[in-house]
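The data block below is protein_10.txt; it holds compact mmCIF, C-alpha atoms.
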```
# COMPACT_ATOMS: atom_id res chain seq x y z
CA MET J 19 -5.07 -15.15 -2.54
CA ILE J 20 -7.83 -15.45 0.02
CA ASP J 21 -8.04 -18.17 2.61
CA ASN J 22 -10.80 -20.72 2.60
CA ASP J 23 -12.50 -19.38 5.69
CA HIS J 24 -12.87 -16.06 3.95
CA ILE J 25 -14.32 -17.66 0.82
CA GLU J 26 -16.76 -19.63 2.99
CA ASN J 27 -17.69 -16.49 4.84
CA LEU J 28 -18.37 -14.67 1.57
CA LEU J 29 -20.43 -17.61 0.30
CA ALA J 30 -22.48 -17.61 3.50
CA ARG J 31 -23.24 -13.94 2.94
CA VAL J 32 -24.09 -14.62 -0.69
CA ALA J 33 -26.64 -17.11 0.61
CA LEU J 34 -28.12 -14.17 2.56
CA ARG J 35 -28.32 -12.26 -0.73
CA ASP J 36 -25.41 -9.99 0.04
CA ARG J 37 -24.44 -8.45 -3.29
CA ASN J 38 -21.23 -6.93 -2.02
CA ALA J 39 -20.06 -10.32 -0.83
CA PHE J 40 -20.99 -11.73 -4.23
CA GLN J 41 -18.95 -9.09 -5.97
CA ALA J 42 -16.00 -9.72 -3.65
CA LEU J 43 -16.25 -13.43 -4.42
CA TYR J 44 -16.36 -12.69 -8.14
CA ASP J 45 -13.45 -10.26 -7.96
CA SER J 46 -11.21 -12.75 -6.21
CA SER J 47 -12.00 -15.81 -8.32
CA ALA J 48 -13.41 -14.88 -11.72
CA ALA J 49 -10.07 -14.65 -13.56
CA HIS J 50 -9.02 -18.11 -12.33
CA LEU J 51 -12.37 -19.70 -13.11
CA LEU J 52 -12.40 -18.04 -16.54
CA GLY J 53 -8.91 -19.40 -17.16
CA ALA J 54 -10.23 -22.91 -16.46
CA ALA J 55 -13.22 -22.40 -18.80
CA VAL J 56 -11.02 -21.02 -21.58
CA ARG J 57 -8.86 -24.15 -21.48
CA ILE J 58 -11.92 -26.35 -21.94
CA LEU J 59 -13.78 -24.27 -24.52
CA GLY J 60 -10.84 -22.82 -26.43
CA SER J 61 -12.90 -19.68 -27.00
CA ARG J 62 -12.91 -16.66 -24.79
CA ALA J 63 -16.44 -15.59 -25.72
CA GLN J 64 -17.88 -19.01 -24.88
CA ALA J 65 -15.79 -19.23 -21.73
CA GLU J 66 -17.17 -15.88 -20.50
CA GLU J 67 -20.65 -17.26 -21.09
CA ALA J 68 -19.79 -20.36 -19.03
CA LEU J 69 -18.36 -18.14 -16.31
CA GLN J 70 -21.54 -16.07 -16.24
CA ASP J 71 -23.76 -19.16 -16.07
CA GLY J 72 -21.53 -20.57 -13.36
CA PHE J 73 -21.84 -17.45 -11.21
CA VAL J 74 -25.62 -17.45 -11.65
CA GLN J 75 -25.57 -20.96 -10.18
CA ILE J 76 -23.22 -19.86 -7.41
CA TRP J 77 -25.65 -17.06 -6.52
CA GLN J 78 -28.65 -19.38 -6.65
CA ASN J 79 -27.12 -22.36 -4.87
CA ALA J 80 -24.92 -20.67 -2.29
CA SER J 81 -27.33 -21.69 0.46
CA SER J 82 -26.91 -25.37 -0.41
CA PHE J 83 -23.12 -25.21 -0.11
CA ASN J 84 -22.01 -27.18 2.93
CA PRO J 85 -18.54 -26.31 4.23
CA ALA J 86 -18.44 -29.59 6.18
CA LYS J 87 -18.57 -31.53 2.94
CA ALA J 88 -16.56 -29.51 0.45
CA ARG J 89 -14.17 -26.62 0.07
CA ALA J 90 -15.72 -23.46 -1.26
CA SER J 91 -12.99 -22.94 -3.87
CA THR J 92 -13.41 -26.51 -5.15
CA TRP J 93 -17.19 -26.20 -5.19
CA MET J 94 -17.00 -23.02 -7.27
CA THR J 95 -14.37 -24.38 -9.66
CA SER J 96 -16.48 -27.50 -10.25
CA ILE J 97 -19.61 -25.49 -11.08
CA VAL J 98 -17.80 -23.50 -13.78
CA ARG J 99 -15.92 -26.55 -15.11
CA TYR J 100 -19.13 -28.59 -15.48
CA ARG J 101 -20.83 -25.72 -17.27
CA ALA J 102 -17.88 -25.42 -19.67
CA LEU J 103 -17.88 -29.21 -20.21
CA ASP J 104 -21.61 -29.17 -21.03
CA MET J 105 -21.02 -26.40 -23.54
CA VAL J 106 -18.04 -28.03 -25.23
CA ARG J 107 -19.90 -31.34 -25.61
CA ARG J 108 -22.88 -29.55 -27.10
CA THR J 109 -21.22 -27.10 -29.44
CA GLY J 110 -17.74 -28.47 -29.94
CA ARG J 111 -14.61 -26.33 -29.74
CA GLU J 112 -14.72 -23.20 -31.81
CA THR J 113 -11.02 -22.91 -32.29
CA PRO J 114 -8.29 -25.51 -32.11
CA LEU J 115 -6.38 -25.45 -28.88
CA ASP J 116 -2.83 -24.26 -28.67
CA GLU J 117 -0.16 -26.84 -28.12
CA ILE J 118 -0.52 -28.26 -24.67
CA GLN J 119 2.29 -27.76 -22.25
CA GLU J 120 3.63 -31.12 -21.21
CA SER J 121 4.23 -30.43 -17.55
CA ALA J 122 1.28 -31.90 -15.71
CA LEU J 123 1.30 -29.61 -12.71
CA PRO J 124 3.11 -26.39 -13.51
CA GLU J 125 3.76 -24.02 -10.65
CA SER J 126 1.24 -21.25 -10.69
CA THR J 127 -0.64 -19.00 -8.35
CA VAL J 128 -3.99 -20.10 -6.98
CA TRP J 129 -6.67 -17.74 -5.74
CA TYR J 130 -7.39 -19.80 -2.64
CA ASP J 131 -5.23 -21.21 0.09
CA ALA J 132 -4.21 -24.65 -1.19
CA ASP J 133 -2.14 -25.68 1.83
CA GLN J 134 -4.65 -28.26 2.98
CA GLU J 135 -5.25 -29.72 -0.47
CA PRO J 136 -4.37 -33.33 -1.18
CA ASN J 137 -0.88 -33.64 -2.59
CA LEU J 138 -1.71 -35.01 -6.01
CA GLU J 139 1.57 -34.36 -7.73
CA PRO J 140 3.56 -37.37 -6.46
CA CYS J 141 0.58 -39.57 -7.31
CA MET J 142 0.44 -38.16 -10.84
CA ASP J 143 4.15 -38.91 -11.12
CA GLU J 144 3.46 -42.55 -10.37
CA LEU J 145 1.27 -42.83 -13.46
CA GLY J 146 2.75 -43.72 -16.83
CA GLU J 147 3.38 -40.79 -19.13
CA SER J 148 0.44 -41.50 -21.46
CA GLN J 149 -1.89 -42.11 -18.55
CA ARG J 150 -0.84 -38.88 -16.89
CA MET J 151 -1.42 -37.03 -20.13
CA CYS J 152 -4.91 -38.53 -20.51
CA VAL J 153 -5.96 -37.45 -17.03
CA THR J 154 -4.53 -33.96 -17.47
CA LEU J 155 -6.02 -33.44 -20.92
CA ALA J 156 -9.41 -34.66 -19.73
CA PHE J 157 -9.49 -32.50 -16.60
CA VAL J 158 -7.81 -29.35 -17.84
CA GLU J 159 -8.74 -29.29 -21.53
CA GLY J 160 -12.02 -31.16 -21.26
CA TYR J 161 -11.09 -33.93 -23.67
CA SER J 162 -13.57 -36.78 -24.09
CA HIS J 163 -12.49 -40.42 -24.51
CA GLN J 164 -12.95 -40.03 -28.26
CA GLU J 165 -10.89 -36.86 -28.46
CA LEU J 166 -8.12 -38.46 -26.42
CA SER J 167 -8.16 -41.44 -28.73
CA THR J 168 -7.74 -39.21 -31.77
CA ARG J 169 -5.15 -36.97 -30.23
CA LEU J 170 -2.97 -39.74 -28.81
CA ASP J 171 -3.65 -42.00 -31.80
CA THR J 172 -4.58 -44.79 -29.45
CA PRO J 173 -7.61 -47.13 -29.65
CA LEU J 174 -10.67 -45.94 -27.73
CA GLY J 175 -10.74 -49.09 -25.58
CA THR J 176 -7.16 -48.51 -24.47
CA ILE J 177 -7.91 -44.89 -23.58
CA LYS J 178 -10.92 -45.94 -21.52
CA SER J 179 -8.97 -48.47 -19.54
CA TRP J 180 -6.04 -46.06 -19.03
CA ILE J 181 -8.41 -43.50 -17.57
CA ARG J 182 -10.21 -46.00 -15.36
CA ARG J 183 -7.00 -47.47 -14.03
CA SER J 184 -5.37 -44.07 -13.57
CA LEU J 185 -8.28 -42.81 -11.49
CA ASN J 186 -8.20 -45.93 -9.31
CA GLN J 187 -4.46 -45.58 -8.91
CA LEU J 188 -4.71 -41.90 -7.96
CA LYS J 189 -7.32 -42.66 -5.35
CA GLU J 190 -5.31 -45.50 -3.91
CA CYS J 191 -2.15 -43.36 -3.86
CA LEU J 192 -3.91 -40.44 -2.12
CA GLU J 193 -5.33 -42.78 0.51
CA ARG J 194 -1.95 -44.26 1.35
CA MET M 13 -26.69 -47.36 -15.01
CA LYS M 14 -25.42 -49.82 -12.43
CA LEU M 15 -25.44 -47.88 -9.23
CA ASN M 16 -25.71 -50.73 -6.74
CA ASN M 17 -22.06 -51.71 -6.88
CA PRO M 18 -19.93 -49.40 -4.68
CA GLN M 19 -16.86 -49.78 -6.90
CA LEU M 20 -18.84 -48.85 -10.01
CA ARG M 21 -20.52 -45.97 -8.22
CA ASP M 22 -17.17 -44.55 -7.31
CA GLU M 23 -15.83 -44.97 -10.84
CA LEU M 24 -18.84 -43.19 -12.29
CA CYS M 25 -18.32 -40.33 -9.83
CA ALA M 26 -14.64 -40.10 -10.78
CA GLN M 27 -15.41 -40.01 -14.51
CA TYR M 28 -18.18 -37.48 -13.95
CA VAL M 29 -15.74 -35.17 -12.18
CA LEU M 30 -12.97 -35.76 -14.70
CA GLY M 31 -15.42 -35.02 -17.50
CA THR M 32 -15.06 -38.32 -19.35
CA LEU M 33 -18.58 -39.42 -18.45
CA THR M 34 -20.41 -37.91 -21.40
CA GLY M 35 -23.69 -37.76 -23.30
CA ALA M 36 -26.79 -39.52 -22.07
CA ALA M 37 -24.85 -41.30 -19.32
CA ARG M 38 -23.72 -37.96 -17.90
CA GLN M 39 -27.27 -36.63 -17.97
CA ARG M 40 -28.64 -39.72 -16.24
CA PHE M 41 -25.91 -39.52 -13.65
CA SER M 42 -26.69 -35.83 -12.99
CA THR M 43 -30.31 -36.77 -12.34
CA TYR M 44 -29.34 -39.45 -9.80
CA LEU M 45 -26.82 -37.11 -8.25
CA ARG M 46 -29.50 -34.60 -7.30
CA HIS M 47 -31.18 -37.01 -4.89
CA ASP M 48 -28.41 -39.39 -3.82
CA SER M 49 -26.35 -38.08 -0.93
CA ASP M 50 -23.83 -40.93 -1.18
CA LEU M 51 -23.13 -39.99 -4.81
CA GLN M 52 -22.90 -36.33 -3.80
CA GLN M 53 -20.33 -37.17 -1.18
CA ARG M 54 -18.26 -39.30 -3.57
CA VAL M 55 -18.39 -36.59 -6.22
CA ALA M 56 -17.26 -33.98 -3.68
CA GLN M 57 -14.36 -36.24 -2.69
CA TRP M 58 -13.29 -36.66 -6.31
CA GLU M 59 -13.60 -32.94 -6.96
CA GLN M 60 -11.23 -32.36 -4.07
CA ARG M 61 -8.80 -35.07 -5.18
CA LEU M 62 -8.51 -33.68 -8.70
CA GLN M 63 -8.72 -29.97 -7.81
CA PRO M 64 -4.89 -29.59 -7.77
CA LEU M 65 -4.96 -30.20 -11.53
CA ALA M 66 -6.68 -26.82 -11.92
CA ALA M 67 -4.00 -25.02 -9.93
CA GLY M 68 -1.60 -24.53 -12.80
CA ILE M 69 -4.08 -22.92 -15.15
CA THR M 70 -3.23 -19.38 -16.23
CA PRO M 71 -5.93 -16.91 -15.15
CA VAL M 72 -7.76 -14.90 -17.80
CA GLU M 73 -9.21 -11.57 -16.73
CA PRO M 74 -12.91 -11.42 -17.65
CA SER M 75 -14.21 -8.38 -19.52
CA ALA M 76 -16.19 -5.78 -17.60
CA ALA M 77 -19.18 -6.67 -19.78
CA THR M 78 -19.37 -10.10 -18.13
CA TRP M 79 -19.90 -8.64 -14.67
CA ARG M 80 -22.46 -6.18 -16.05
CA ALA M 81 -24.35 -8.96 -17.84
CA LEU M 82 -24.23 -11.09 -14.71
CA SER M 83 -25.58 -8.26 -12.52
CA ALA M 84 -28.37 -7.67 -15.02
CA ARG M 85 -29.27 -11.38 -15.09
CA LEU M 86 -29.44 -11.52 -11.31
CA GLY M 87 -31.62 -8.43 -11.14
CA PHE M 88 -29.12 -6.17 -9.43
CA GLU M 89 -30.37 -2.76 -10.50
CA GLU M 90 -26.91 -1.34 -10.35
CA PRO M 91 -23.46 -2.64 -9.60
CA ALA M 92 -22.81 -3.34 -5.93
CA VAL M 93 -21.68 -0.41 -3.81
CA LYS M 94 -18.05 0.47 -4.18
CA ARG M 95 -16.04 -0.25 -1.10
CA GLU M 96 -15.57 2.76 1.05
CA SER M 97 -12.47 3.16 3.05
CA TRP M 98 -12.69 3.60 6.78
CA TRP M 99 -10.25 6.45 6.34
CA SER M 100 -12.54 8.43 4.10
CA TRP M 101 -14.88 9.35 6.93
CA ARG M 102 -12.34 9.58 9.72
CA PRO M 103 -11.55 13.27 9.23
CA ALA M 104 -15.26 14.02 9.48
CA LEU M 105 -15.47 12.06 12.72
CA ALA M 106 -12.48 13.87 14.13
CA GLY M 107 -14.14 17.17 13.30
CA PHE M 108 -17.35 16.02 14.93
CA ALA M 109 -15.50 14.96 18.08
CA LEU M 110 -13.78 18.30 18.25
CA LEU M 111 -17.13 20.05 17.94
CA LEU M 112 -18.45 17.97 20.82
CA ILE M 113 -15.50 18.77 23.00
CA VAL M 114 -15.92 22.46 22.29
CA SER M 115 -19.65 22.41 22.99
CA GLY M 116 -19.07 20.31 26.11
CA VAL M 117 -16.80 22.98 27.46
CA LEU M 118 -19.19 25.79 26.67
CA LEU M 119 -22.42 24.32 27.91
CA ARG M 120 -23.36 23.95 31.51
CA GLU M 121 -24.18 20.61 33.03
CA PRO M 122 -28.04 20.70 33.28
CA ILE M 123 -28.52 21.89 29.74
CA ARG M 124 -26.10 19.34 28.51
CA GLN M 125 -27.99 16.57 30.27
CA ASN M 126 -31.26 17.48 28.65
CA LEU M 127 -30.47 18.81 25.25
CA LEU M 128 -27.25 17.41 24.11
CA PHE M 129 -26.35 13.99 22.95
CA LEU M 130 -22.86 13.41 24.31
CA PRO M 131 -21.39 10.19 23.06
CA ASP M 132 -18.63 8.82 25.21
CA VAL M 133 -18.43 5.55 23.33
CA GLU M 134 -18.05 5.14 19.65
CA VAL M 135 -17.95 1.89 17.78
CA ALA M 136 -17.84 1.16 14.06
CA PHE M 137 -18.95 -2.06 12.45
CA VAL M 138 -16.58 -2.66 9.57
CA ASP M 139 -17.10 -5.59 7.27
CA GLU M 140 -14.02 -7.25 5.80
CA SER M 141 -15.41 -7.08 2.30
CA GLN M 142 -18.02 -4.34 2.39
CA GLY M 143 -16.06 -1.81 4.43
CA PRO M 144 -17.66 0.30 7.18
CA LEU M 145 -21.35 -0.47 7.68
CA TRP M 146 -22.45 1.43 10.76
CA LYS M 147 -21.17 3.92 13.26
CA VAL M 148 -22.68 3.55 16.72
CA GLU M 149 -22.28 6.48 19.08
CA ALA M 150 -23.44 5.94 22.62
CA ASP M 151 -24.09 8.44 25.35
CA THR M 152 -23.89 6.04 28.29
CA GLY M 153 -24.84 8.75 30.79
CA ASN M 154 -28.21 9.22 29.12
CA ASP M 155 -28.63 5.73 27.64
CA ARG M 156 -28.97 7.15 24.20
CA LEU M 157 -27.56 5.98 20.91
CA VAL M 158 -27.19 7.38 17.45
CA VAL M 159 -26.52 4.91 14.68
CA THR M 160 -25.48 5.98 11.21
CA ALA M 161 -25.32 3.73 8.17
CA LEU M 162 -21.96 4.27 6.52
CA GLY M 163 -22.87 2.50 3.30
CA ASP M 164 -25.74 0.75 1.59
CA VAL M 165 -26.13 -2.55 3.42
CA ALA M 166 -27.22 -5.47 1.26
CA VAL M 167 -30.12 -7.23 2.93
CA ASP M 168 -32.99 -9.28 1.56
CA SER M 169 -36.33 -7.44 1.66
CA ALA M 170 -37.75 -10.15 3.93
CA LYS M 171 -34.96 -9.58 6.45
CA ALA M 172 -33.71 -6.87 8.74
CA MET M 173 -30.53 -6.17 10.66
CA GLU M 174 -31.07 -5.81 14.40
CA LEU M 175 -28.71 -4.20 16.88
CA TRP M 176 -28.23 -5.75 20.33
CA LEU M 177 -26.60 -4.67 23.53
CA LEU M 178 -24.59 -7.53 24.95
CA ARG M 179 -24.41 -7.74 28.71
CA ASP M 180 -22.33 -9.35 31.36
CA ASN M 181 -22.68 -12.84 32.75
CA ASP M 182 -25.95 -14.54 32.08
CA GLN M 183 -28.01 -11.50 31.27
CA PRO M 184 -29.72 -11.79 27.89
CA PRO M 185 -28.94 -9.26 25.16
CA VAL M 186 -31.30 -6.32 24.83
CA SER M 187 -32.61 -5.18 21.47
CA LEU M 188 -31.58 -1.68 20.49
CA GLY M 189 -33.76 -1.67 17.40
CA LEU M 190 -33.46 -2.21 13.69
CA LEU M 191 -30.44 -0.82 11.89
CA PRO M 192 -30.69 1.60 8.98
CA VAL M 193 -29.51 0.05 5.71
CA ARG M 194 -29.37 3.04 3.37
CA ASN M 195 -26.14 4.95 3.19
CA GLY M 196 -26.24 8.00 5.45
CA ALA M 197 -29.47 7.06 7.23
CA VAL M 198 -29.45 7.81 10.96
CA ILE M 199 -31.51 6.49 13.83
CA SER M 200 -31.65 7.71 17.37
CA VAL M 201 -32.44 5.21 20.11
CA HIS M 202 -33.27 5.51 23.76
CA ALA M 203 -31.88 2.26 25.12
CA ALA M 204 -34.19 0.04 27.16
CA ALA M 205 -31.29 -1.00 29.35
CA SER M 206 -28.39 0.76 30.98
CA LEU M 207 -25.68 1.15 28.40
CA ARG M 208 -23.13 1.11 31.19
CA SER M 209 -24.11 -2.49 31.88
CA GLY M 210 -23.20 -3.34 28.28
CA THR M 211 -20.16 -5.34 27.31
CA GLY M 212 -20.59 -4.91 23.56
CA PHE M 213 -22.84 -4.59 20.58
CA ALA M 214 -23.92 -7.26 18.13
CA VAL M 215 -25.80 -7.29 14.86
CA SER M 216 -28.01 -10.20 13.89
CA LEU M 217 -30.00 -11.01 10.80
CA GLU M 218 -33.71 -11.19 11.64
CA PRO M 219 -37.03 -11.40 9.84
CA ALA M 220 -38.31 -8.05 8.57
CA GLY M 221 -39.71 -6.16 11.54
CA GLY M 222 -37.17 -7.61 13.92
CA SER M 223 -36.78 -10.65 16.13
CA PRO M 224 -40.18 -12.09 17.04
CA THR M 225 -38.89 -13.40 20.38
CA GLY M 226 -37.02 -10.43 21.79
CA LEU M 227 -33.77 -12.36 21.52
CA PRO M 228 -31.57 -12.85 18.47
CA THR M 229 -33.02 -15.61 16.30
CA GLY M 230 -30.91 -15.27 13.16
CA PRO M 231 -27.17 -15.54 12.63
CA VAL M 232 -25.09 -13.01 14.51
CA LEU M 233 -23.13 -11.27 11.78
CA TYR M 234 -21.01 -8.79 13.69
CA VAL M 235 -19.89 -8.33 17.27
CA GLN M 236 -18.07 -5.37 18.76
CA SER M 237 -16.76 -5.73 22.26
CA LEU M 238 -16.70 -2.71 24.54
CA THR M 239 -14.15 -4.00 27.01
CA SER M 240 -11.10 -1.90 26.36
```
The structure given in the file should be rewritten as structure tokens.
Amino acid sequence: MIDNDHIENLLARVALRDRNAFQALYDSSAAHLLGAAVRILGSRAQAEEALQDGFVQIWQNASSFNPAKARASTWMTSIVRYRALDMVRRTGRETPLDEIQESALPESTVWYDADQEPNLEPCMDELGESQRMCVTLAFVEGYSHQELSTRLDTPLGTIKSWIRRSLNQLKECLER
Amino acid sequence: MKLNNPQLRDELCAQYVLGTLTGAARQRFSTYLRHDSDLQQRVAQWEQRLQPLAAGITPVEPSAATWRALSARLGFEEPAVKRESWWSWRPALAGFALLLIVSGVLLREPIRQNLLFLPDVEVAFVDESQGPLWKVEADTGNDRLVVTALGDVAVDSAKAMELWLLRDNDQPPVSLGLLPVRNGAVISVHAAASLRSGTGFAVSLEPAGGSPTGLPTGPVLYVQSLTS
């Protein structure tokens, strides 16, 4: 695990075209970011492609990263997630996903220091079970409204309003 | 896309981050996002709110081919330099120091003053991630320096690394010249200021050719204090 100052420091060097810093950044985060892409794409080969595209963007856009506005680890995760989401919407999933573990927030290691992160878990617990599942499946597995509707055998309109309300509720809970 | 209502704006940002904003709407939103700092800020907030959901995901080790392909795409001719341990060159330094002590004993004062470089201060710049970058040896009696690059230093071709002598109180730093960036390269410098007046060394990133003003203009990347 590396602390956020260190990640920011590496990113600042990457902005100065420091290849060693870029490799250090890759070494410390690539496995975690690939894990996230694999969950969305269901295919390792595609996920590695998303990871590669993501790191090209990280290299190219490092100078526009602003530590006052975002955390470096979050910024990097988002870049790779969005790339994987674009790919899964365009090409569909190559292989069906394994059964999803129910637990919304399993304990696991993170590659960055998450001490200062918002405490989302109690807010997730406040959601209904189906709502919590929708949010988790959408974020972690990259499910669209339509896919959620099929998987949970629930009308599309209901799914949409669950998601909308859940997001509002999470925000409100985190701001309490 | 209704972007004038704050509530709707925020909901669009949330669904963009979650991934449930799809298709043409997602593309349109991405276009707005590029130029709208309020949207950017809301998106960043949502990314942070939902980031803990990614924490439980099992890592998957990428294949070595992915790093190679990435390096090739970014135009790195070869993989970045392997980290070199500070310890790997320490025995050599110890040997060098011993040699100096021996020659110091054997040579008489006047000859030593003129011919020999006798460092009495030695400082290494070690980067957290890149390992040792430079060794600076200073002979403060003769105001001379020898700087050795201890690894290949990654620097843009339009930039240079400049070494500075930091001084006490309000005295401005004095340039000691541009640093070598190829592994093993050595420069010898006759300092333009008394090294004994120095409190430390610093390295800044400057335009190629060095600072145009005579003072550091770029970010100071490394500082080594001499106060022991």
Å distance separating CA of Glu174 in chain M from CA of Ile25 in chain J, one decimal place = 24.6 Å
Taking only C-alpha atoms into account, report as number ranges by chain which residues of chain J lie within 7 Å of chain M.
-> J: 34-39, 41-42, 48-50, 52-54, 66, 70, 88, 92, 96, 103, 123-126, 128, 136, 138, 156-158, 160, 162-163, 185
Have a look at CA of Val133 in chain M and CA of Leu238 in chain M and let me know their distance in Å, one decimal.
->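 One can read the CA of Val133 in chain M to CA of Leu238 in chain M distance as 8.5 Å.
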Report the distance between CA of Arg99 in chain J and CA of Glu159 in chain J in Å, rounded to one decimal place.
-> 10.0 Å
Please return, as a PyMOL selection string, all polymer residues that have at least one atom within 10 Å of the point (-17.8, -2.5, 24.4); use only C-alpha atoms and the file's own coordinate frame.
-> chain M and resi 133-135+177-179+207-214+235-240
Selection as a list in words: residues within 12 Å of (-32.7, 6.3, 6.1), counting only C-alpha atoms | Val159, Thr160, Ala161, Leu162, Gly163, Asp164, Val165, Leu190, Leu191, Pro192, Val193, Arg194, Asn195, Gly196, Ala197, Val198, Ile199 and Ser200 of chain M
The selected residues should be written to file as a PDB file, in the frame of the given file (atoms: C-alpha atoms).
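again_13.pdb, written as the output of this step:
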```
ATOM      1  CA  VAL M 159     -26.520   4.910  14.680  1.00  0.00           C
ATOM      2  CA  THR M 160     -25.480   5.980  11.210  1.00  0.00           C
ATOM      3  CA  ALA M 161     -25.320   3.730   8.170  1.00  0.00           C
ATOM      4  CA  LEU M 162     -21.960   4.270   6.520  1.00  0.00           C
ATOM      5  CA  GLY M 163     -22.870   2.500   3.300  1.00  0.00           C
ATOM      6  CA  ASP M 164     -25.740   0.750   1.590  1.00  0.00           C
ATOM      7  CA  VAL M 165     -26.130  -2.550   3.420  1.00  0.00           C
ATOM      8  CA  LEU M 190     -33.460  -2.210  13.690  1.00  0.00           C
ATOM      9  CA  LEU M 191     -30.440  -0.820  11.890  1.00  0.00           C
ATOM     10  CA  PRO M 192     -30.690   1.600   8.980  1.00  0.00           C
ATOM     11  CA  VAL M 193     -29.510   0.050   5.710  1.00  0.00           C
ATOM     12  CA  ARG M 194     -29.370   3.040   3.370  1.00  0.00           C
ATOM     13  CA  ASN M 195     -26.140   4.950   3.190  1.00  0.00           C
ATOM     14  CA  GLY M 196     -26.240   8.000   5.450  1.00  0.00           C
ATOM     15  CA  ALA M 197     -29.470   7.060   7.230  1.00  0.00           C
ATOM     16  CA  VAL M 198     -29.450   7.810  10.960  1.00  0.00           C
ATOM     17  CA  ILE M 199     -31.510   6.490  13.830  1.00  0.00           C
ATOM     18  CA  SER M 200     -31.650   7.710  17.370  1.00  0.00           C
TER      19      SER M 200
END
```
